[in-house]
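Visitor: If you scroll down you'll find the structure; I have some questions about it.
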Amino acid sequence: MTWPKCGTTWMQEIVWTMRNNPDLDHPLASQSVMARSPFLDYDMLAFSKNVPPIDDGHPVIEAFKEKCPGKDPKDGIMLQLSEALPDPRTIKTHLPFSLLTPDLLDTAKVVYVARSPKDVVVSYHHHSRLVLVQGYTGSLDQFVQYFLDDNLVYGPYWLHMKEAWEKRDHPNMHFVFFEDVKTNTMLKLRKLNKFLDTNLTEEQLQKVAHYTSFSEMKSREEIKLEFESSLNKLVLSSDGGFFRKGEVGDGQKRLSPEQQANVDQWTKKHTQDFGASFKYSS
């Protein structure tokens, strides 16, 4: 569970690999990450008029046909994939706790990833220009203002994060910051290993760390290949694709001093009462 651009796909692959592929020999590991670990709320985005339909031959549709025989994709591809997957299921969502079942933490383990607001807004700006379902064409300055006004898809980032932060001590909740996973990956994988009860060896954790590193995931370009028809080709060629930088501190490089000050003010206003703090450099 994350707000967009907080390291969702990275953690999605980490968790799936730890639970299913620690020796990097699983026969389905090369399958679409969306087929192995469904994006629960993608169905609300998939049928946008801005996006070409997902037709036969698409990796997700082929997985759907295999796992959900006789089912209609129009009834929800990801919802039905999530239901059909065998245990252990790993499901991705950008929805906050308040829009999911109230007993979620009584029936599932939740890994929540938060990220510094400056890096989030810069990464989400790129994503919103890249992905046709959002098709953003405005300036970075306008986008920052939308973020500060809580007027982006998935609603206020601070409220999304606050709902998770308040549940961080639940035994089925694992709250982690993107920056901490990035700067001390092995330590965080060991903690995940304990939380998920995966009982991996140090050697297996090293394999997971390498396989899910930014450079390795970018080289596989899974998301680009799966959704190339849904991406803005001009943005893709000029500014990069789904895996762009994956680093700590890009927001400070890309935002103007005024934009940074506005984000700092927003952060202080909305997060000081629940104690979350952010790192802006590695």
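Residue numbering restarts at 1 for every chain of the structure tokens, chains are lettered A, B, ... in their displayed order, and ligands are numbered from 1 as they appear.
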Based on the backbone DSSP call, show me all residues of range 60-224 of chain A assigned strand (DSSP E or B), as an MDAnalysis selection string.
Guide: chainID A and resid 92 110:114 131 173:177
Visitor: Keeping only N, CA, C and O atoms, write the selected residues to a file as a compact mmCIF listing (two decimals), in the first residue's frame.
Guide:
# COMPACT_ATOMS: atom_id res chain seq x y z
N LYS A 92 -1.21 -5.20 -4.75
CA LYS A 92 -0.78 -3.80 -4.68
C LYS A 92 -1.99 -2.88 -4.70
O LYS A 92 -2.97 -3.12 -5.41
N VAL A 110 0.00 -5.89 5.86
CA VAL A 110 0.11 -4.70 5.01
C VAL A 110 1.51 -4.10 5.14
O VAL A 110 1.97 -3.82 6.25
N VAL A 111 2.17 -3.93 4.00
CA VAL A 111 3.43 -3.20 3.95
C VAL A 111 3.11 -1.82 3.37
O VAL A 111 2.62 -1.72 2.24
N TYR A 112 3.36 -0.79 4.14
CA TYR A 112 3.08 0.58 3.70
C TYR A 112 4.40 1.32 3.47
O TYR A 112 5.27 1.33 4.35
N VAL A 113 4.53 1.94 2.29
CA VAL A 113 5.75 2.69 1.97
C VAL A 113 5.41 4.17 1.84
O VAL A 113 4.52 4.54 1.06
N ALA A 114 6.10 4.99 2.59
CA ALA A 114 5.97 6.45 2.49
C ALA A 114 7.27 7.01 1.90
O ALA A 114 8.33 6.38 1.98
N VAL A 131 1.88 8.79 -18.45
CA VAL A 131 0.78 7.81 -18.55
C VAL A 131 -0.46 8.48 -19.14
O VAL A 131 -0.96 9.46 -18.61
N MET A 173 0.98 -4.78 10.49
CA MET A 173 1.32 -3.56 9.74
C MET A 173 2.83 -3.34 9.76
O MET A 173 3.47 -3.44 10.81
N HIS A 174 3.39 -3.05 8.60
CA HIS A 174 4.82 -2.74 8.48
C HIS A 174 4.95 -1.42 7.73
O HIS A 174 4.74 -1.36 6.53
N PHE A 175 5.28 -0.36 8.47
CA PHE A 175 5.40 0.99 7.89
C PHE A 175 6.88 1.27 7.65
O PHE A 175 7.70 1.16 8.56
N VAL A 176 7.22 1.64 6.42
CA VAL A 176 8.63 1.87 6.08
C VAL A 176 8.74 3.07 5.15
O VAL A 176 7.82 3.36 4.38
N PHE A 177 9.85 3.77 5.25
CA PHE A 177 10.12 4.89 4.36
C PHE A 177 10.99 4.44 3.19
O PHE A 177 11.96 3.69 3.37
Visitor: Which residues are near Glu202 in chain A? Cut-off 12 Å, only C-alpha atoms, ignore same chain within fewer than 2 positions. Put them as a PyMOL selection string.
Guide: chain A and resi 18+22-23+186-187+189-190+193+198-200+204-209
Visitor: Could you write out that same residue set with N, CA, C and O atoms as a PDB file, in the first residue's frame?
Guide:
ATOM      1  N   MET A  18      10.393 -12.196  -2.344  1.00  0.00           N
ATOM      2  CA  MET A  18      10.689 -12.811  -1.048  1.00  0.00           C
ATOM      3  C   MET A  18       9.754 -13.974  -0.763  1.00  0.00           C
ATOM      4  O   MET A  18      10.176 -15.005  -0.220  1.00  0.00           O
ATOM      5  N   PRO A  22      12.743 -16.563  -3.841  1.00  0.00           N
ATOM      6  CA  PRO A  22      13.996 -16.159  -3.183  1.00  0.00           C
ATOM      7  C   PRO A  22      15.248 -16.756  -3.816  1.00  0.00           C
ATOM      8  O   PRO A  22      16.344 -16.220  -3.647  1.00  0.00           O
ATOM      9  N   ASP A  23      15.089 -17.865  -4.551  1.00  0.00           N
ATOM     10  CA  ASP A  23      16.241 -18.471  -5.228  1.00  0.00           C
ATOM     11  C   ASP A  23      16.293 -18.098  -6.710  1.00  0.00           C
ATOM     12  O   ASP A  23      17.110 -18.639  -7.468  1.00  0.00           O
ATOM     13  N   MET A 186      19.613  -4.012   2.958  1.00  0.00           N
ATOM     14  CA  MET A 186      19.681  -5.311   3.627  1.00  0.00           C
ATOM     15  C   MET A 186      19.034  -5.282   5.005  1.00  0.00           C
ATOM     16  O   MET A 186      18.339  -6.229   5.392  1.00  0.00           O
ATOM     17  N   LEU A 187      19.248  -4.212   5.754  1.00  0.00           N
ATOM     18  CA  LEU A 187      18.617  -4.102   7.070  1.00  0.00           C
ATOM     19  C   LEU A 187      17.102  -4.144   6.937  1.00  0.00           C
ATOM     20  O   LEU A 187      16.417  -4.852   7.708  1.00  0.00           O
ATOM     21  N   LEU A 189      15.359  -5.384   4.440  1.00  0.00           N
ATOM     22  CA  LEU A 189      14.912  -6.696   3.963  1.00  0.00           C
ATOM     23  C   LEU A 189      14.881  -7.707   5.114  1.00  0.00           C
ATOM     24  O   LEU A 189      14.001  -8.566   5.167  1.00  0.00           O
ATOM     25  N   ARG A 190      15.831  -7.591   6.035  1.00  0.00           N
ATOM     26  CA  ARG A 190      15.809  -8.497   7.201  1.00  0.00           C
ATOM     27  C   ARG A 190      14.559  -8.257   8.049  1.00  0.00           C
ATOM     28  O   ARG A 190      13.944  -9.204   8.548  1.00  0.00           O
ATOM     29  N   ASN A 193      11.667  -9.686   6.213  1.00  0.00           N
ATOM     30  CA  ASN A 193      11.754 -11.143   6.320  1.00  0.00           C
ATOM     31  C   ASN A 193      11.080 -11.630   7.603  1.00  0.00           C
ATOM     32  O   ASN A 193      10.328 -12.608   7.601  1.00  0.00           O
ATOM     33  N   THR A 198       8.965 -15.110   6.147  1.00  0.00           N
ATOM     34  CA  THR A 198       9.484 -15.821   4.981  1.00  0.00           C
ATOM     35  C   THR A 198      10.714 -16.668   5.313  1.00  0.00           C
ATOM     36  O   THR A 198      11.062 -17.571   4.548  1.00  0.00           O
ATOM     37  N   ASN A 199      11.385 -16.373   6.416  1.00  0.00           N
ATOM     38  CA  ASN A 199      12.498 -17.202   6.890  1.00  0.00           C
ATOM     39  C   ASN A 199      13.582 -17.410   5.838  1.00  0.00           C
ATOM     40  O   ASN A 199      14.106 -18.523   5.665  1.00  0.00           O
ATOM     41  N   LEU A 200      13.922 -16.361   5.124  1.00  0.00           N
ATOM     42  CA  LEU A 200      14.962 -16.460   4.101  1.00  0.00           C
ATOM     43  C   LEU A 200      16.343 -16.400   4.737  1.00  0.00           C
ATOM     44  O   LEU A 200      16.548 -15.770   5.775  1.00  0.00           O
ATOM     45  N   GLN A 204      19.824 -15.741   0.412  1.00  0.00           N
ATOM     46  CA  GLN A 204      18.594 -15.489  -0.345  1.00  0.00           C
ATOM     47  C   GLN A 204      18.235 -14.004  -0.322  1.00  0.00           C
ATOM     48  O   GLN A 204      17.808 -13.441  -1.343  1.00  0.00           O
ATOM     49  N   LEU A 205      18.400 -13.357   0.826  1.00  0.00           N
ATOM     50  CA  LEU A 205      18.115 -11.921   0.913  1.00  0.00           C
ATOM     51  C   LEU A 205      19.040 -11.116   0.007  1.00  0.00           C
ATOM     52  O   LEU A 205      18.619 -10.135  -0.607  1.00  0.00           O
ATOM     53  N   GLN A 206      20.289 -11.536  -0.099  1.00  0.00           N
ATOM     54  CA  GLN A 206      21.222 -10.873  -1.014  1.00  0.00           C
ATOM     55  C   GLN A 206      20.751 -11.019  -2.456  1.00  0.00           C
ATOM     56  O   GLN A 206      20.835 -10.074  -3.247  1.00  0.00           O
ATOM     57  N   LYS A 207      20.254 -12.192  -2.800  1.00  0.00           N
ATOM     58  CA  LYS A 207      19.721 -12.408  -4.146  1.00  0.00           C
ATOM     59  C   LYS A 207      18.523 -11.505  -4.409  1.00  0.00           C
ATOM     60  O   LYS A 207      18.400 -10.898  -5.479  1.00  0.00           O
ATOM     61  N   VAL A 208      17.631 -11.408  -3.420  1.00  0.00           N
ATOM     62  CA  VAL A 208      16.449 -10.550  -3.565  1.00  0.00           C
ATOM     63  C   VAL A 208      16.871  -9.096  -3.736  1.00  0.00           C
ATOM     64  O   VAL A 208      16.347  -8.378  -4.597  1.00  0.00           O
ATOM     65  N   ALA A 209      17.831  -8.669  -2.930  1.00  0.00           N
ATOM     66  CA  ALA A 209      18.296  -7.282  -3.000  1.00  0.00           C
ATOM     67  C   ALA A 209      18.845  -6.954  -4.381  1.00  0.00           C
ATOM     68  O   ALA A 209      18.554  -5.887  -4.945  1.00  0.00           O
TER      69      ALA A 209
END
Visitor: List every residue of range 27-276 of chain A that DSSP, applied to the backbone of this structure, assigns to alpha helix (DSSP H), and report them as a ChimeraX atom specification.
Guide: /A:33-36,43-46,59-67,77-84,104-107,117-130,140-148,157-165,178-183,185-196,202-211,214-220,222-227,233-239,250-254,257-271
Visitor: Of the candidates A:Phe64, A:Tyr42, A:Phe274, A:Trp10, which one gets nearest to Ala164 in chain A if we count only C-alpha atoms?
Guide: A:Phe274
Visitor: Name all residues at most 12 Å from Val144 in chain A (count only C-alpha atoms; drop same-chain ones fewer than 3 positions away) and give them as a ChimeraX atom specification.
Guide: /A:117-126,138-141,147-152,251,254-256,258-264,266
Visitor: Excluding same-chain residues fewer than 3 positions from range 76-78 of chain A, what lies within 7 Å of it counting only C-alpha atoms, as a list of chain:residue names?
Guide: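 Surrounding residues, per the criterion: A:Pro38, A:Phe39, A:Leu40, A:Tyr42, A:Asp43, A:Phe64, A:Pro73, A:Leu81, A:Ser82.
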Visitor: Could you write out the selected residues, including N, CA and C atoms, as a compact mmCIF listing (two decimals), in the first residue's frame?
Guide:
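Wrote it out as out11.txt, contents follow:
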# COMPACT_ATOMS: atom_id res chain seq x y z
N PRO A 38 -1.47 -8.44 -8.56
CA PRO A 38 -2.45 -7.51 -9.17
C PRO A 38 -2.50 -6.14 -8.48
N PHE A 39 -2.71 -5.13 -9.30
CA PHE A 39 -2.88 -3.74 -8.86
C PHE A 39 -4.38 -3.55 -8.67
N LEU A 40 -4.84 -3.71 -7.44
CA LEU A 40 -6.25 -3.85 -7.12
C LEU A 40 -7.13 -2.76 -7.73
N TYR A 42 -6.48 -0.73 -10.28
CA TYR A 42 -6.21 -0.37 -11.67
C TYR A 42 -7.47 -0.42 -12.53
N ASP A 43 -8.43 -1.25 -12.12
CA ASP A 43 -9.65 -1.38 -12.93
C ASP A 43 -10.37 -0.05 -13.11
N PHE A 64 -4.94 -13.21 -17.28
CA PHE A 64 -6.34 -13.21 -16.85
C PHE A 64 -7.09 -14.41 -17.44
N PRO A 73 -13.46 -9.68 -18.60
CA PRO A 73 -12.55 -8.62 -18.13
C PRO A 73 -13.28 -7.34 -17.72
N LEU A 81 -8.45 -11.18 -10.87
CA LEU A 81 -7.13 -11.80 -10.74
C LEU A 81 -6.76 -11.95 -9.27
N SER A 82 -7.05 -10.91 -8.49
CA SER A 82 -6.74 -10.96 -7.06
C SER A 82 -7.48 -12.11 -6.38
Visitor: Quick one: pull the distance between CA of Lys71 in chain A and CA of Glu83 in chain A, Å, one decimal.
Guide: 11.8 Å
Visitor: Looking at only C-alpha atoms, which of A:Tyr211, A:Phe97, A:Phe195, A:Trp158 is the one that sits closest to Leu24 in chain A?
Guide: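 Between A:Tyr211, A:Phe97, A:Phe195, A:Trp158, the residue approaching Leu24 in chain A most closely is A:Tyr211.
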Visitor: Can you measure CA of Lys191 in chain A to CA of Arg19 in chain A for me? One decimal in Å is fine.
Guide: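 Separation between CA of Lys191 in chain A and CA of Arg19 in chain A: 13.9 Å.
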Visitor: With only C-alpha atoms as the basis for distance, which of A:Gln252, A:Gln142, A:Thr90, A:Ser219 is at the shortest distance from Thr17 in chain A?
Guide: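 Looking at the shortest contact to Thr17 in chain A, the residue is A:Thr90.
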Visitor: Nearest residue to Ser213 in chain A out of A:Gln145, A:Ile91, A:Tyr154, A:Thr9, using only C-alpha atoms?
Guide: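 Smallest separation from Ser213 in chain A among the options: A:Thr9.
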Visitor: Within 9 Å of Val33 in chain A, counting only C-alpha atoms, which residues show up once you throw out same-chain ones fewer than 4 positions away? Write them as a PyMOL selection string, please.
Guide: chain A and resi 9+12-13+16+29+37-38+60+222-223
Visitor: Kindly give the distance, in Å, that separates CA of His127 in chain A and CA of Lys5 in chain A, rounded to a single decimal.
Guide: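 These two atoms are separated by 8.0 Å.
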Visitor: When you count only C-alpha atoms, which of these residues is closest to Met11 in chain A: A:Gln80, A:Asn172, A:Ser128, A:Thr212?
Guide: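 Counting only C-alpha atoms, the residue closest to Met11 in chain A is A:Thr212.
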Visitor: Between A:Asp87, A:Pro171, A:Glu166, A:Met161, which residue has the minimum interatomic distance to Lys109 in chain A, considering only C-alpha atoms?
Guide: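 Looking only at the distances to Lys109 in chain A, the closest residue turns out to be A:Pro171.
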